[in-house]
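A.B. asks: File start_38.pdb below, PDB, C-alpha atoms, pLDDT in the B column:
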```pdb
MODEL        1
ATOM      1  CA  VAL A 123     -11.365  83.701-155.202  1.00 47.00           C
ATOM      2  CA  LYS A 124     -11.699  82.375-151.654  1.00 47.00           C
ATOM      3  CA  MET A 125     -14.939  80.531-152.530  1.00 53.00           C
ATOM      4  CA  SER A 126     -13.312  78.919-155.591  1.00 51.00           C
ATOM      5  CA  ALA A 127     -10.443  77.758-153.424  1.00 48.00           C
ATOM      6  CA  TYR A 128     -12.858  76.082-151.036  1.00 49.00           C
ATOM      7  CA  LEU A 129     -14.908  74.446-153.800  1.00 51.00           C
ATOM      8  CA  THR A 130     -11.937  73.132-155.734  1.00 53.00           C
ATOM      9  CA  PRO A 131     -11.115  69.598-154.420  1.00 50.00           C
ATOM     10  CA  PRO A 132      -7.472  68.878-153.708  1.00 51.00           C
ATOM     11  CA  THR A 133      -6.123  66.859-156.592  1.00 51.00           C
ATOM     12  CA  SER A 134      -3.585  65.010-154.448  1.00 48.00           C
ATOM     13  CA  THR A 135      -6.343  63.449-152.273  1.00 50.00           C
ATOM     14  CA  TRP A 136      -8.748  62.237-154.975  1.00 48.00           C
ATOM     15  CA  THR A 137      -6.372  60.768-157.528  1.00 50.00           C
ATOM     16  CA  ALA A 138      -7.014  57.200-158.762  1.00 46.00           C
ATOM     17  CA  GLU A 139      -3.628  56.089-157.475  1.00 47.00           C
ATOM     18  CA  SER A 140      -4.538  57.117-153.937  1.00 50.00           C
ATOM     19  CA  LEU A 141      -7.778  55.156-154.077  1.00 46.00           C
ATOM     20  CA  PHE A 142      -6.123  51.828-155.004  1.00 48.00           C
ATOM     21  CA  PRO A 143      -4.741  51.045-151.505  1.00 50.00           C
ATOM     22  CA  THR A 144      -8.121  51.851-149.956  1.00 55.00           C
ATOM     23  CA  LEU A 145      -9.968  49.590-152.409  1.00 49.00           C
ATOM     24  CA  SER A 146      -7.415  46.826-151.882  1.00 54.00           C
ATOM     25  CA  SER A 147      -7.811  46.944-148.097  1.00 59.00           C
ATOM     26  CA  CYS A 148     -11.613  46.928-148.423  1.00 51.00           C
ATOM     27  CA  LEU A 149     -11.474  43.905-150.708  1.00 49.00           C
ATOM     28  CA  ASP A 150      -9.124  42.166-148.271  1.00 58.00           C
ATOM     29  CA  ILE A 151     -11.573  42.782-145.402  1.00 57.00           C
ATOM     30  CA  VAL A 152     -14.472  41.467-147.487  1.00 49.00           C
ATOM     31  CA  VAL A 153     -12.526  38.315-148.375  1.00 50.00           C
ATOM     32  CA  ARG A 154     -11.552  37.673-144.748  1.00 58.00           C
ATOM     33  CA  VAL A 155     -15.088  38.189-143.497  1.00 50.00           C
ATOM     34  CA  SER A 156     -16.647  35.999-146.182  1.00 47.00           C
ATOM     35  CA  SER A 157     -14.053  33.185-146.040  1.00 52.00           C
ATOM     36  CA  PRO A 158     -15.729  31.337-143.095  1.00 52.00           C
ATOM     37  CA  PHE A 159     -19.037  31.368-144.956  1.00 46.00           C
ATOM     38  CA  VAL A 160     -17.330  30.092-148.112  1.00 51.00           C
ATOM     39  CA  LYS A 161     -15.728  27.269-146.136  1.00 57.00           C
ATOM     40  CA  MET A 162     -19.053  26.465-144.469  1.00 62.00           C
ATOM     41  CA  SER A 163     -20.771  26.255-147.851  1.00 69.00           C
ATOM     42  CA  ALA A 164     -18.005  23.954-149.076  1.00 66.00           C
ATOM     43  CA  TYR A 165     -18.506  21.667-146.057  1.00 64.00           C
ATOM     44  CA  LEU A 166     -22.273  21.675-146.654  1.00 70.00           C
ATOM     45  CA  LYS A 167     -21.592  20.741-150.274  1.00 72.00           C
ATOM     46  CA  LYS A 168     -19.457  17.795-149.117  1.00 69.00           C
ATOM     47  CA  LEU A 169     -22.213  16.754-146.726  1.00 68.00           C
ATOM     48  CA  ASP A 170     -24.754  16.866-149.546  1.00 72.00           C
ATOM     49  CA  ASP A 171     -22.419  14.799-151.731  1.00 73.00           C
ATOM     50  CA  PHE A 172     -22.071  12.211-148.970  1.00 69.00           C
ATOM     51  CA  LEU A 173     -25.824  12.069-148.433  1.00 70.00           C
ATOM     52  CA  ALA A 174     -26.295  11.574-152.173  1.00 76.00           C
ATOM     53  CA  GLU A 175     -24.079   8.473-152.148  1.00 75.00           C
ATOM     54  CA  LYS A 176     -25.431   4.941-151.924  1.00 75.00           C
ATOM     55  CA  ASN A 177     -24.381   3.389-148.605  1.00 69.00           C
ATOM     56  CA  PRO A 178     -26.053   1.825-145.535  1.00 71.00           C
ATOM     57  CA  VAL A 179     -26.217   5.182-143.696  1.00 73.00           C
ATOM     58  CA  THR A 180     -27.952   7.019-146.528  1.00 78.00           C
ATOM     59  CA  ASP A 181     -30.295   4.076-147.037  1.00 79.00           C
ATOM     60  CA  VAL A 182     -31.505   4.383-143.448  1.00 79.00           C
ATOM     61  CA  LEU A 183     -31.820   8.166-143.769  1.00 79.00           C
ATOM     62  CA  SER A 184     -33.783   7.746-147.007  1.00 82.00           C
ATOM     63  CA  GLN A 185     -36.213   5.378-145.303  1.00 82.00           C
ATOM     64  CA  ILE A 186     -36.693   7.857-142.461  1.00 82.00           C
ATOM     65  CA  GLU A 187     -37.221  10.658-144.989  1.00 80.00           C
ATOM     66  CA  SER A 188     -39.869   8.667-146.860  1.00 82.00           C
ATOM     67  CA  LYS A 189     -41.793   7.974-143.645  1.00 82.00           C
ATOM     68  CA  THR A 190     -41.418  11.322-141.849  1.00 83.00           C
ATOM     69  CA  SER A 191     -40.784  13.790-144.723  1.00 79.00           C
ATOM     70  CA  VAL A 192     -37.713  15.054-142.853  1.00 81.00           C
ATOM     71  CA  LYS A 193     -34.873  15.766-145.265  1.00 81.00           C
ATOM     72  CA  LYS A 194     -31.668  13.813-144.955  1.00 78.00           C
ATOM     73  CA  GLN A 195     -29.660  16.979-144.373  1.00 79.00           C
ATOM     74  CA  HIS A 196     -31.867  17.918-141.400  1.00 81.00           C
ATOM     75  CA  GLN A 197     -31.502  14.389-140.037  1.00 79.00           C
ATOM     76  CA  ALA A 198     -27.732  14.689-140.354  1.00 79.00           C
ATOM     77  CA  PHE A 199     -27.770  17.984-138.427  1.00 80.00           C
ATOM     78  CA  ALA A 200     -29.910  16.368-135.710  1.00 82.00           C
ATOM     79  CA  ILE A 201     -27.507  13.415-135.440  1.00 79.00           C
ATOM     80  CA  ILE A 202     -24.526  15.770-135.219  1.00 76.00           C
ATOM     81  CA  GLY A 203     -26.282  17.733-132.460  1.00 79.00           C
ATOM     82  CA  ILE A 204     -27.080  14.563-130.497  1.00 77.00           C
ATOM     83  CA  VAL A 205     -23.469  13.390-130.839  1.00 72.00           C
ATOM     84  CA  LEU A 206     -22.146  16.748-129.613  1.00 72.00           C
ATOM     85  CA  LEU A 207     -24.539  16.655-126.647  1.00 74.00           C
ATOM     86  CA  TRP A 208     -23.419  13.103-125.905  1.00 68.00           C
ATOM     87  CA  PHE A 209     -19.787  14.207-125.863  1.00 66.00           C
ATOM     88  CA  ILE A 210     -20.589  17.157-123.611  1.00 70.00           C
ATOM     89  CA  ILE A 211     -22.424  14.943-121.110  1.00 70.00           C
ATOM     90  CA  GLY A 212     -19.510  12.495-121.207  1.00 62.00           C
ATOM     91  CA  TYR A 213     -21.367   9.238-120.597  1.00 69.00           C
ATOM     92  CA  GLY A 214     -20.054   6.613-123.021  1.00 70.00           C
ATOM     93  CA  ALA A 215     -18.047   9.249-124.890  1.00 75.00           C
ATOM     94  CA  SER A 216     -14.975   7.019-125.082  1.00 77.00           C
ATOM     95  CA  LEU A 217     -16.909   4.228-126.795  1.00 79.00           C
ATOM     96  CA  LEU A 218     -18.623   6.598-129.217  1.00 79.00           C
ATOM     97  CA  CYS A 219     -15.311   8.248-130.096  1.00 81.00           C
ATOM     98  CA  SER A 220     -13.740   4.851-130.780  1.00 81.00           C
ATOM     99  CA  VAL A 221     -16.662   3.880-133.012  1.00 83.00           C
ATOM    100  CA  ILE A 222     -16.392   7.119-135.017  1.00 83.00           C
ATOM    101  CA  GLY A 223     -12.613   6.871-135.330  1.00 87.00           C
ATOM    102  CA  PHE A 224     -12.579   3.183-136.283  1.00 88.00           C
ATOM    103  CA  ILE A 225     -15.804   1.936-137.884  1.00 87.00           C
ATOM    104  CA  TYR A 226     -16.180   4.490-140.671  1.00 85.00           C
ATOM    105  CA  PRO A 227     -12.459   4.484-141.653  1.00 90.00           C
ATOM    106  CA  ALA A 228     -12.510   0.674-141.661  1.00 91.00           C
ATOM    107  CA  TYR A 229     -15.529   0.719-143.979  1.00 88.00           C
ATOM    108  CA  ARG A 230     -13.873   3.266-146.301  1.00 87.00           C
ATOM    109  CA  SER A 231     -10.651   1.237-146.278  1.00 90.00           C
ATOM    110  CA  LEU A 232     -12.539  -1.872-147.405  1.00 90.00           C
ATOM    111  CA  LYS A 233     -14.191   0.146-150.162  1.00 87.00           C
ATOM    112  CA  ALA A 234     -10.784   1.471-151.226  1.00 87.00           C
ATOM    113  CA  LEU A 235      -9.315  -2.046-151.342  1.00 88.00           C
ATOM    114  CA  GLU A 236     -12.164  -3.312-153.503  1.00 88.00           C
ATOM    115  CA  SER A 237     -12.106  -0.369-155.912  1.00 83.00           C
ATOM    116  CA  SER A 238      -9.918  -0.141-159.021  1.00 82.00           C
ATOM    117  CA  GLU A 239      -8.520   3.299-158.061  1.00 80.00           C
ATOM    118  CA  THR A 240      -5.310   3.480-156.048  1.00 80.00           C
ATOM    119  CA  SER A 241      -5.353   7.122-154.913  1.00 78.00           C
ATOM    120  CA  ASP A 242      -7.753   6.453-152.039  1.00 82.00           C
ATOM    121  CA  ASP A 243      -5.628   3.523-150.849  1.00 87.00           C
ATOM    122  CA  ARG A 244      -2.823   5.863-149.816  1.00 88.00           C
ATOM    123  CA  VAL A 245      -5.248   8.211-148.051  1.00 89.00           C
ATOM    124  CA  TRP A 246      -6.571   5.517-145.760  1.00 91.00           C
ATOM    125  CA  LEU A 247      -3.151   3.922-145.215  1.00 92.00           C
ATOM    126  CA  VAL A 248      -1.897   7.307-144.044  1.00 92.00           C
ATOM    127  CA  TYR A 249      -4.940   7.643-141.773  1.00 94.00           C
ATOM    128  CA  TRP A 250      -4.172   4.349-140.041  1.00 94.00           C
ATOM    129  CA  VAL A 251      -0.540   5.375-139.570  1.00 93.00           C
ATOM    130  CA  VAL A 252      -1.619   8.629-137.895  1.00 93.00           C
ATOM    131  CA  TYR A 253      -4.258   6.738-135.893  1.00 93.00           C
ATOM    132  CA  ALA A 254      -1.626   4.302-134.623  1.00 92.00           C
ATOM    133  CA  PHE A 255       0.718   7.121-133.544  1.00 91.00           C
ATOM    134  CA  PHE A 256      -2.160   8.928-131.859  1.00 90.00           C
ATOM    135  CA  ASN A 257      -3.236   5.821-129.918  1.00 88.00           C
ATOM    136  CA  PHE A 258       0.370   5.143-128.918  1.00 88.00           C
ATOM    137  CA  GLY A 259       0.741   8.652-127.505  1.00 87.00           C
ATOM    138  CA  GLU A 260      -2.686   8.516-125.874  1.00 84.00           C
ATOM    139  CA  PHE A 261      -1.832   5.270-124.086  1.00 82.00           C
ATOM    140  CA  PHE A 262       1.106   6.853-122.222  1.00 81.00           C
ATOM    141  CA  SER A 263      -0.642  10.165-121.480  1.00 79.00           C
ATOM    142  CA  ASP A 264      -4.114   8.877-120.641  1.00 71.00           C
ATOM    143  CA  ILE A 265      -3.946  10.030-116.997  1.00 73.00           C
ATOM    144  CA  LEU A 266      -3.123  13.605-118.008  1.00 77.00           C
ATOM    145  CA  LEU A 267      -5.583  13.724-120.899  1.00 71.00           C
ATOM    146  CA  SER A 268      -8.469  12.589-118.712  1.00 68.00           C
ATOM    147  CA  TRP A 269      -8.272  15.925-116.866  1.00 76.00           C
ATOM    148  CA  ILE A 270      -8.839  17.981-120.035  1.00 76.00           C
ATOM    149  CA  PRO A 271     -12.462  19.214-120.246  1.00 75.00           C
ATOM    150  CA  PHE A 272     -14.392  17.751-123.199  1.00 78.00           C
ATOM    151  CA  TYR A 273     -11.356  15.694-124.179  1.00 81.00           C
ATOM    152  CA  TYR A 274     -13.354  13.117-126.115  1.00 81.00           C
ATOM    153  CA  LEU A 275     -15.121  15.857-128.045  1.00 81.00           C
ATOM    154  CA  LEU A 276     -11.717  17.266-129.029  1.00 85.00           C
ATOM    155  CA  LYS A 277     -10.477  13.762-129.874  1.00 87.00           C
ATOM    156  CA  CYS A 278     -13.485  13.091-132.075  1.00 85.00           C
ATOM    157  CA  ALA A 279     -13.015  16.442-133.850  1.00 87.00           C
ATOM    158  CA  PHE A 280      -9.356  15.557-134.411  1.00 91.00           C
ATOM    159  CA  LEU A 281     -10.219  12.133-135.887  1.00 90.00           C
ATOM    160  CA  ILE A 282     -12.893  13.655-138.129  1.00 87.00           C
ATOM    161  CA  TRP A 283     -10.307  16.174-139.313  1.00 90.00           C
ATOM    162  CA  CYS A 284      -7.905  13.306-140.029  1.00 91.00           C
ATOM    163  CA  MET A 285     -10.486  11.509-142.190  1.00 87.00           C
ATOM    164  CA  MET A 286     -11.833  14.623-143.895  1.00 83.00           C
ATOM    165  CA  PRO A 287     -11.722  14.370-147.712  1.00 79.00           C
ATOM    166  CA  GLY A 288      -9.867  16.841-149.885  1.00 78.00           C
ATOM    167  CA  PRO A 289      -6.784  19.001-149.268  1.00 82.00           C
ATOM    168  CA  ALA A 290      -7.867  19.677-145.667  1.00 81.00           C
ATOM    169  CA  ASN A 291      -7.320  16.016-144.754  1.00 87.00           C
ATOM    170  CA  GLY A 292      -5.574  16.139-141.391  1.00 90.00           C
ATOM    171  CA  SER A 293      -3.863  12.774-141.628  1.00 91.00           C
ATOM    172  CA  MET A 294      -2.174  13.745-144.909  1.00 92.00           C
ATOM    173  CA  ILE A 295      -1.084  17.082-143.438  1.00 92.00           C
ATOM    174  CA  LEU A 296       0.381  15.459-140.307  1.00 92.00           C
ATOM    175  CA  TYR A 297       2.054  12.699-142.318  1.00 92.00           C
ATOM    176  CA  ASP A 298       3.629  15.008-144.907  1.00 91.00           C
ATOM    177  CA  ARG A 299       4.754  17.651-142.411  1.00 92.00           C
ATOM    178  CA  VAL A 300       5.636  15.631-139.297  1.00 91.00           C
ATOM    179  CA  ILE A 301       5.722  11.836-139.565  1.00 91.00           C
ATOM    180  CA  ARG A 302       7.279  11.402-143.002  1.00 91.00           C
ATOM    181  CA  PRO A 303      10.250  13.817-142.498  1.00 91.00           C
ATOM    182  CA  VAL A 304      11.070  12.252-139.115  1.00 90.00           C
ATOM    183  CA  PHE A 305      10.760   8.732-140.523  1.00 89.00           C
ATOM    184  CA  LEU A 306      12.981   9.458-143.524  1.00 90.00           C
ATOM    185  CA  GLN A 307      15.576  11.050-141.261  1.00 91.00           C
ATOM    186  CA  HIS A 308      15.740   8.041-138.921  1.00 88.00           C
ATOM    187  CA  GLU A 309      14.720   5.271-141.332  1.00 85.00           C
ATOM    188  CA  LYS A 310      18.054   3.444-141.180  1.00 87.00           C
ATOM    189  CA  ASP A 311      18.144   3.529-137.379  1.00 87.00           C
ATOM    190  CA  ILE A 312      14.568   2.227-137.220  1.00 86.00           C
ATOM    191  CA  ASP A 313      15.382  -0.587-139.657  1.00 86.00           C
ATOM    192  CA  ARG A 314      18.486  -1.501-137.636  1.00 87.00           C
ATOM    193  CA  LEU A 315      16.481  -1.547-134.387  1.00 87.00           C
ATOM    194  CA  ALA A 316      13.715  -3.597-136.004  1.00 86.00           C
ATOM    195  CA  SER A 317      16.271  -6.087-137.329  1.00 84.00           C
ATOM    196  CA  LYS A 318      17.848  -6.452-133.881  1.00 83.00           C
ATOM    197  CA  THR A 319      14.422  -6.914-132.332  1.00 85.00           C
ATOM    198  CA  VAL A 320      13.522  -9.619-134.840  1.00 84.00           C
ATOM    199  CA  ASP A 321      16.853 -11.400-134.266  1.00 77.00           C
ATOM    200  CA  SER A 322      16.385 -11.226-130.496  1.00 79.00           C
ATOM    201  CA  ALA A 323      12.864 -12.587-130.854  1.00 81.00           C
ATOM    202  CA  LYS A 324      14.170 -15.453-132.980  1.00 77.00           C
ATOM    203  CA  ASP A 325      16.857 -16.246-130.409  1.00 74.00           C
ATOM    204  CA  LEU A 326      14.316 -16.195-127.595  1.00 78.00           C
ATOM    205  CA  SER A 327      11.984 -18.391-129.617  1.00 78.00           C
ATOM    206  CA  SER A 328      14.719 -20.931-130.331  1.00 75.00           C
ATOM    207  CA  GLU A 329      15.772 -20.954-126.658  1.00 75.00           C
ATOM    208  CA  ALA A 330      12.153 -21.404-125.579  1.00 79.00           C
ATOM    209  CA  GLN A 331      11.744 -24.272-128.018  1.00 79.00           C
ATOM    210  CA  SER A 332      14.908 -25.980-126.795  1.00 76.00           C
ATOM    211  CA  LEU A 333      13.855 -25.548-123.160  1.00 78.00           C
ATOM    212  CA  ALA A 334      10.394 -26.887-123.941  1.00 80.00           C
ATOM    213  CA  LYS A 335      11.896 -29.848-125.801  1.00 78.00           C
ATOM    214  CA  SER A 336      14.283 -30.714-122.952  1.00 78.00           C
ATOM    215  CA  ALA A 337      11.499 -30.322-120.379  1.00 79.00           C
ATOM    216  CA  SER A 338       9.260 -32.568-122.459  1.00 78.00           C
ATOM    217  CA  GLU A 339      11.985 -35.201-122.703  1.00 77.00           C
ATOM    218  CA  GLN A 340      12.577 -35.088-118.951  1.00 80.00           C
ATOM    219  CA  VAL A 341       8.871 -35.379-118.206  1.00 83.00           C
ATOM    220  CA  THR A 342       8.572 -38.300-120.622  1.00 83.00           C
ATOM    221  CA  GLU A 343      11.570 -40.033-119.061  1.00 79.00           C
ATOM    222  CA  LEU A 344      10.247 -39.558-115.537  1.00 82.00           C
ATOM    223  CA  ALA A 345       6.792 -40.762-116.568  1.00 81.00           C
ATOM    224  CA  THR A 346       8.327 -43.851-118.193  1.00 84.00           C
ATOM    225  CA  GLN A 347      10.421 -44.620-115.132  1.00 80.00           C
ATOM    226  CA  GLU A 348       7.390 -44.210-112.851  1.00 80.00           C
ATOM    227  CA  ALA A 349       5.311 -46.489-115.078  1.00 81.00           C
ATOM    228  CA  ILE A 350       8.049 -49.151-115.035  1.00 83.00           C
ATOM    229  CA  ARG A 351       8.314 -48.880-111.259  1.00 80.00           C
ATOM    230  CA  GLN A 352       4.568 -49.280-110.854  1.00 80.00           C
ATOM    231  CA  VAL A 353       4.573 -52.349-113.090  1.00 77.00           C
ATOM    232  CA  GLN A 354       7.432 -53.910-111.163  1.00 77.00           C
ATOM    233  CA  GLU A 355       5.685 -53.293-107.836  1.00 76.00           C
ATOM    234  CA  ASN A 356       2.497 -54.877-109.134  1.00 75.00           C
ATOM    235  CA  MET A 357       4.435 -57.906-110.378  1.00 77.00           C
ATOM    236  CA  ASN A 358       6.159 -58.311-107.012  1.00 74.00           C
ATOM    237  CA  LYS A 359       2.812 -58.092-105.208  1.00 72.00           C
ATOM    238  CA  ASP A 360       1.415 -60.813-107.498  1.00 67.00           C
ATOM    239  CA  LYS A 361       4.382 -63.091-106.754  1.00 68.00           C
ATOM    240  CA  ASP A 362       4.028 -62.587-103.007  1.00 66.00           C
ATOM    241  CA  ALA A 363       0.324 -63.325-103.198  1.00 61.00           C
TER     242      ALA A 363
ENDMDL
END
```
Using structure tokens, write down the structure from this file.
C.D. replies:
Amino acid sequence: VKMSAYLTPPTSTWTAESLFPTLSSCLDIVVRVSSPFVKMSAYLKKLDDFLAEKNPVTDVLSQIESKTSVKKQHQAFAIIGIVLLWFIIGYGASLLCSVIGFIYPAYRSLKALESSETSDDRVWLVYWVVYAFFNFGEFFSDILLSWIPFYYLLKCAFLIWCMMPGPANGSMILYDRVIRPVFLQHEKDIDRLASKTVDSAKDLSSEAQSLAKSASEQVTELATQEAIRQVQENMNKDKDA
């Protein structure tokens, strides 16, 4: 009887209902562990799609591949490594960051303007709005930001995130969650301030034009009087002679 009691498994421990929470937690751990690899494969897929496109960058990479037998993906990894090293060293990092944050988006914006689709137009318009706000804030905090280690590397990563295609596009996230709600809340005040600024600029322009006109008239009058005086002096000298 004692042996049968030891050999008989407790039914309350091995029921199917008790195993469900354990299986669920195991599946949750597996999903969390594998999610970075899934995201990495998705980014590699986007990189492969970009390298498969027809553009000046891929043309150069294709020529290098035909001459050296180095795949375009490996060339892209090498370029990314060189860029990261450049940012870490810091020499010319500001210029390189400006090129990355401006040249490629400008090229994509031109492509969007010349294409028949309109969905990509909004994406790049939103990017330039976020880029303008970022530059405005950077201008007033440049002294503080210069003390941050690897600042230009972080800035470049931020700009790449802002131009990233798909739902992870940083500029769309910042615009929808931060810029757009604030703008809609204060849109009337901004319009009123802009209208006052335009009116003030018009008034200043009209005043400047009137001042310039009066100054021009005075200069012309003085020049005419001086010319008449010179002519009269010359005539008097001729008479005396």
A.B. asks: Do a neighbour search on Asn257 of chain A at 12 Å with all atoms listed in the file, toss out local chain neighbours closer than 4 positions, and write the hits as an mmCIF file with C-alpha atoms, in the coordinates of the input.
C.D. replies:
```
data_model
loop_
_atom_site.group_PDB
_atom_site.id
_atom_site.type_symbol
_atom_site.label_atom_id
_atom_site.label_comp_id
_atom_site.auth_asym_id
_atom_site.auth_seq_id
_atom_site.Cartn_x
_atom_site.Cartn_y
_atom_site.Cartn_z
ATOM 1 C CA SER A 220 -13.740 4.851 -130.780
ATOM 2 C CA GLY A 223 -12.613 6.871 -135.330
ATOM 3 C CA PHE A 224 -12.579 3.183 -136.283
ATOM 4 C CA TRP A 250 -4.172 4.349 -140.041
ATOM 5 C CA VAL A 251 -0.540 5.375 -139.570
ATOM 6 C CA VAL A 252 -1.619 8.629 -137.895
ATOM 7 C CA TYR A 253 -4.258 6.738 -135.893
ATOM 8 C CA PHE A 261 -1.832 5.270 -124.086
ATOM 9 C CA PHE A 262 1.106 6.853 -122.222
ATOM 10 C CA SER A 263 -0.642 10.165 -121.480
ATOM 11 C CA ASP A 264 -4.114 8.877 -120.641
ATOM 12 C CA LYS A 277 -10.477 13.762 -129.874
ATOM 13 C CA LEU A 281 -10.219 12.133 -135.887
#
```
A.B. asks: Please indicate the distance in Å from atom CA of Leu235 of chain A to atom CA of Cys219 of chain A, rounded to one decimal place.
C.D. replies: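 The value is 24.4 Å.
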A.B. asks: Just want the 10 Å neighbourhood of segment 172-184 of chain A, counted on all atoms listed in the file, with same-chain residues fewer than 6 positions away dropped. Output as a VMD selection string.
C.D. replies: chain A and resid 166 190 to 195 197 to 198
A.B. asks: Suppose a student applies the PyMOL selection byres ((chain A and resi 280) around 12) to this structure; what residues should they get, written as a PyMOL selection string?
C.D. replies: chain A and resi 219+222-223+249+252-253+256+273-279+281-286+291-293+296
A.B. asks: One decimal, in Å: what's the spacing between atom CA of Gly288 of chain A and atom CA of Val221 of chain A?
C.D. replies: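 Straight-line distance from atom CA of Gly288 of chain A to atom CA of Val221 of chain A works out to 22.3 Å.
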A.B. asks: Restricting the calculation to all atoms listed in the file: of A:Asp321, A:Lys233, A:Phe258, A:Asn358, which residue gets closest to Trp246 of chain A?
C.D. replies: A:Lys233
A.B. asks: I'd like the interatomic distance between atom CA of Ile270 of chain A and atom CA of Phe305 of chain A, to a tenth of an Å.
C.D. replies: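 Answer for the atom CA of Ile270 of chain A to atom CA of Phe305 of chain A separation: 29.8 Å.
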